[in-house]
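Asker: Encoded as structure tokens, here's the structure I'll be asking about.
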Amino acid sequence: MCFSEQCMDLNDMITNLREALEITPDNDKLRAHLAQTLLTAGQNQEATEQYKQVLRSSPRDAKSKLGLAKAFAALKQWSAAIVILEELNQGTAEHEVMLLYSRTLLKEGSFGKAMDVYQQMLERWPDRPDAELDEHFRVSGFEPDNDDEDDDDFDGPPGDLRASDLIVTSNVTFSDVGGMASVKDEIGMKIIQPLLHPDLYKAYGKKIGGGILLYGPPGCGKTHMAKATAGEIKATFISVGISDILDAWLGKSERNMHRVFEVARQNKPCVVFIDEIDALGANRSHLRNSAGSHVINQFLTEMDGIDADNEGLLIIGATNMPWHIDPAFRRPGRFDRTIFVPPPDVEGRESILGIMLKDKPTKDIDLHAIARKTEHFSGADLNAVIDIAIEAKLREAMKTGIPEPLISKDLVKAAGMHKATTREWFTTARNYALYANESGLYDDILKYTK
């Protein structure tokens, strides 16, 4: 905060800069100077607008990007600031960038990543610590990495993952999945159609299987779709989470990863579903130790099928945070199809509601009317709406002793009591789509939010 005389000087400067910009509105240097002055004066919202305008014509202006990140941080728009700082932190980042990046990550709640960035900053500038961060991490148990020479002699229990622990029976098919037509079509071209028309695909040299990465807000059916894929083709279904792979014993995580693919290859055709793959496929430039890189490298080796045949394997990865995944995962031949799974549209919501209400006591339900009242709702949100309506009916039944069926009015009322959980996700995702979308990966998010 500035003293009154300084504020008056800044206000005069801001006025003069605005007048000058009216004469030369295309002067980016002048506009950047105005944005910086606004930021210094604490007029953060207007500073963001000026910085954005500079970056529209000069998208590589690192100084203005940092200024915009500072303005977002001052407005407590942590995710927006993080997107920009993450980009600026690539390569030879400045001390100021890394410091603000660590502080902002900490504010957002990403403690581990904030600690990593701070440690990297100290490695480059050991004589320039930050007292607040240093104290915070020390109190929270921060300790620098130390190589343990005895690690190689530390053996864990022998045992491998058993096939019976991995293989899951799936009786779900595409008919049980409401909406998601584009996702079904993409999966169909990858594995369903090749199994139905093997000679045709062979003539074009196309293999059965491959990798598909599904991303989008939580609760929109990514896991359900993976199960339905396996059920649609009567294939073996293997579902693994990060906890099934990672192990404290040295080298065990890599063996677990190999075992998953080994079981899949022995049970082809097979759909391997890896949930929360961002935890496995974190960008290697963000990792503090080599153990995480070893697991990623093992996974990429298995996907490439260098030492084995992956024909007939479909690897489906699901993530809510694609911006945290190592770019090597999206290389052709690995996850070469990245599909946005948005909240269902009106027709999709109508279909999902019909499926969810199929075994419930209902009367004269207008599914279309309810679907129109639940814009931006995920499948999980729709399930919550039904639960709220059923609980209200149960309360009535306990008073009257007569169970009544659900009607449209009950579900519309329940929808008004529940907020779409996808909105928070789109706030973060849209920031990445606006400020870190050089490859066009997040174009679908921009189309959806428009």
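Please note that chains go A, B, ... in the order of the structure tokens, that every chain numbers its residues from 1, and that ligands are numbered from 1 in the order shown.
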Using only C-alpha atoms, what does the table of region 286-366 of chain A residues within 7 Å of region 184-208 of chain A look like, with each row giving the shortest atom pair and its distance in Å to one decimal, sorted by chain and ascending number, as CSV?

Answerer:
```
residue,atom,partner,partner_atom,distance
A:Glu311,CA,A:Ile208,CA,5.6
A:Gly312,CA,A:Ile208,CA,5.0
A:Leu314,CA,A:Ile191,CA,6.9
```

Asker: In region 16-215 of chain A, what's strand (DSSP E) per DSSP? Answer as a ChimeraX atom specification?

Answerer: /A:167-168,209-215

Asker: Can you tell me how far CA of Gly354 (chain A) sits from CA of Ile445 (chain A), in Å to one decimal?

Answerer: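 If I compute the distance from CA of Gly354 (chain A) to CA of Ile445 (chain A), I get 26.9 Å.
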
Asker: Need to verify the contact set: region 381-392 of chain A, 10 Å, only C-alpha atoms, exclusion of same-chain residues closer than 3 positions in sequence. Can you return it as number ranges by chain?

Answerer: A: 218-220, 343, 349-350, 352-353, 356-357, 360-361, 370-371, 374, 376-378, 395-397, 404-422

Asker: Please produce a file of the residues just selected, as a CSV table (one decimal), in the first residue's frame, where the atoms kept are N, CA and C atoms.

Answerer:
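That gives us selection36.csv:
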```
chain,number,residue,atom,x,y,z
A,218,PRO,N,-14.5,-33.7,-13.1
A,218,PRO,CA,-14.9,-34.9,-12.4
A,218,PRO,C,-16.4,-35.2,-12.5
A,219,GLY,N,-16.7,-36.5,-12.5
A,219,GLY,CA,-18.0,-37.0,-12.5
A,219,GLY,C,-18.8,-37.0,-13.8
A,220,CYS,N,-18.0,-36.9,-14.9
A,220,CYS,CA,-18.7,-36.8,-16.2
A,220,CYS,C,-18.6,-38.2,-17.0
A,343,PRO,N,-19.3,-31.9,-19.6
A,343,PRO,CA,-20.6,-32.3,-19.0
A,343,PRO,C,-21.6,-32.6,-20.1
A,349,ARG,N,-28.1,-35.4,-20.8
A,349,ARG,CA,-28.6,-35.4,-19.5
A,349,ARG,C,-29.9,-36.2,-19.4
A,350,GLU,N,-30.7,-36.0,-20.5
A,350,GLU,CA,-32.0,-36.7,-20.6
A,350,GLU,C,-31.8,-38.2,-20.6
A,352,ILE,N,-29.1,-39.9,-19.5
A,352,ILE,CA,-28.5,-40.3,-18.2
A,352,ILE,C,-29.6,-40.4,-17.2
A,353,LEU,N,-30.5,-39.4,-17.1
A,353,LEU,CA,-31.6,-39.4,-16.1
A,353,LEU,C,-32.4,-40.6,-16.3
A,356,MET,N,-30.6,-43.6,-15.0
A,356,MET,CA,-30.5,-43.6,-13.5
A,356,MET,C,-31.9,-43.9,-12.8
A,357,LEU,N,-32.9,-43.5,-13.5
A,357,LEU,CA,-34.3,-43.6,-12.9
A,357,LEU,C,-35.0,-44.9,-13.3
A,360,LYS,N,-36.1,-46.9,-10.4
A,360,LYS,CA,-36.7,-46.1,-9.3
A,360,LYS,C,-38.2,-46.0,-9.5
A,361,PRO,N,-39.0,-45.8,-8.4
A,361,PRO,CA,-40.4,-45.6,-8.5
A,361,PRO,C,-40.7,-44.2,-9.0
A,370,ILE,N,-36.5,-31.7,-16.9
A,370,ILE,CA,-35.5,-31.8,-15.9
A,370,ILE,C,-34.1,-31.6,-16.4
A,371,ALA,N,-33.9,-32.1,-17.6
A,371,ALA,CA,-32.6,-32.0,-18.3
A,371,ALA,C,-32.3,-30.5,-18.6
A,374,THR,N,-30.9,-28.5,-15.6
A,374,THR,CA,-29.6,-29.0,-15.0
A,374,THR,C,-28.5,-28.7,-15.9
A,376,HIS,N,-24.9,-27.7,-17.3
A,376,HIS,CA,-23.6,-27.9,-16.7
A,376,HIS,C,-23.5,-29.0,-15.6
A,377,PHE,N,-24.5,-29.7,-15.4
A,377,PHE,CA,-24.5,-30.8,-14.4
A,377,PHE,C,-23.7,-32.0,-15.0
A,378,SER,N,-22.9,-32.6,-14.2
A,378,SER,CA,-22.2,-33.8,-14.6
A,378,SER,C,-23.1,-35.0,-14.3
A,395,ARG,N,-38.7,-38.7,3.6
A,395,ARG,CA,-39.1,-37.9,4.8
A,395,ARG,C,-40.7,-37.9,4.8
A,396,GLU,N,-41.3,-37.7,3.6
A,396,GLU,CA,-42.7,-37.6,3.5
A,396,GLU,C,-43.3,-39.0,3.9
A,397,ALA,N,-42.7,-40.0,3.4
A,397,ALA,CA,-43.2,-41.4,3.6
A,397,ALA,C,-43.1,-41.8,5.1
A,404,GLU,N,-44.6,-42.6,-1.9
A,404,GLU,CA,-45.1,-42.1,-3.2
A,404,GLU,C,-44.0,-42.1,-4.2
A,405,PRO,N,-44.4,-42.3,-5.5
A,405,PRO,CA,-43.3,-42.3,-6.6
A,405,PRO,C,-42.8,-40.9,-6.8
A,406,LEU,N,-41.6,-40.8,-7.4
A,406,LEU,CA,-41.0,-39.5,-7.8
A,406,LEU,C,-41.8,-38.9,-9.0
A,407,ILE,N,-42.0,-37.6,-8.9
A,407,ILE,CA,-42.6,-36.9,-10.1
A,407,ILE,C,-41.6,-35.8,-10.5
A,408,SER,N,-41.9,-35.2,-11.6
A,408,SER,CA,-41.0,-34.2,-12.2
A,408,SER,C,-40.8,-33.1,-11.2
A,409,LYS,N,-41.8,-32.6,-10.5
A,409,LYS,CA,-41.7,-31.5,-9.6
A,409,LYS,C,-40.6,-31.8,-8.5
A,410,ASP,N,-40.6,-33.1,-8.1
A,410,ASP,CA,-39.6,-33.5,-7.0
A,410,ASP,C,-38.2,-33.3,-7.5
A,411,LEU,N,-37.9,-33.7,-8.8
A,411,LEU,CA,-36.6,-33.6,-9.3
A,411,LEU,C,-36.2,-32.2,-9.7
A,412,VAL,N,-37.2,-31.4,-10.2
A,412,VAL,CA,-36.9,-30.0,-10.5
A,412,VAL,C,-36.5,-29.2,-9.2
A,413,LYS,N,-37.2,-29.5,-8.1
A,413,LYS,CA,-36.9,-28.9,-6.9
A,413,LYS,C,-35.6,-29.3,-6.3
A,414,ALA,N,-35.2,-30.6,-6.5
A,414,ALA,CA,-33.9,-31.1,-6.0
A,414,ALA,C,-32.8,-30.4,-6.9
A,415,ALA,N,-33.1,-30.2,-8.2
A,415,ALA,CA,-32.0,-29.6,-9.0
A,415,ALA,C,-31.7,-28.2,-8.6
A,416,GLY,N,-32.8,-27.5,-8.1
A,416,GLY,CA,-32.5,-26.1,-7.6
A,416,GLY,C,-31.8,-26.1,-6.3
A,417,MET,N,-31.7,-27.2,-5.6
A,417,MET,CA,-30.9,-27.3,-4.3
A,417,MET,C,-29.5,-27.7,-4.5
A,418,HIS,N,-29.1,-28.1,-5.7
A,418,HIS,CA,-27.8,-28.6,-6.0
A,418,HIS,C,-27.1,-27.7,-7.0
A,419,LYS,N,-25.8,-27.3,-6.8
A,419,LYS,CA,-25.0,-26.5,-7.7
A,419,LYS,C,-24.1,-27.4,-8.5
A,420,ALA,N,-23.9,-27.1,-9.8
A,420,ALA,CA,-23.1,-27.9,-10.7
A,420,ALA,C,-21.6,-27.9,-10.2
A,421,THR,N,-21.1,-29.0,-9.9
A,421,THR,CA,-19.7,-29.1,-9.4
A,421,THR,C,-18.7,-28.9,-10.5
A,422,THR,N,-19.1,-28.8,-11.8
A,422,THR,CA,-18.1,-28.6,-12.8
A,422,THR,C,-17.6,-27.2,-13.0
```

Asker: Pick out the residues sitting within 10 Å of Leu166 (chain A), and hand them over as a PyMOL selection string; count only C-alpha atoms, and ignore anything fewer than 6 positions along from it in its own chain.

Answerer: chain A and resi 237-240+244+259-260+263-264+272

Asker: DSSP on the backbone, alpha helix (DSSP H) only: what residues of region 308-378 of chain A does that give? Format it as number ranges by chain.

Answerer: A: 346-356, 367-372
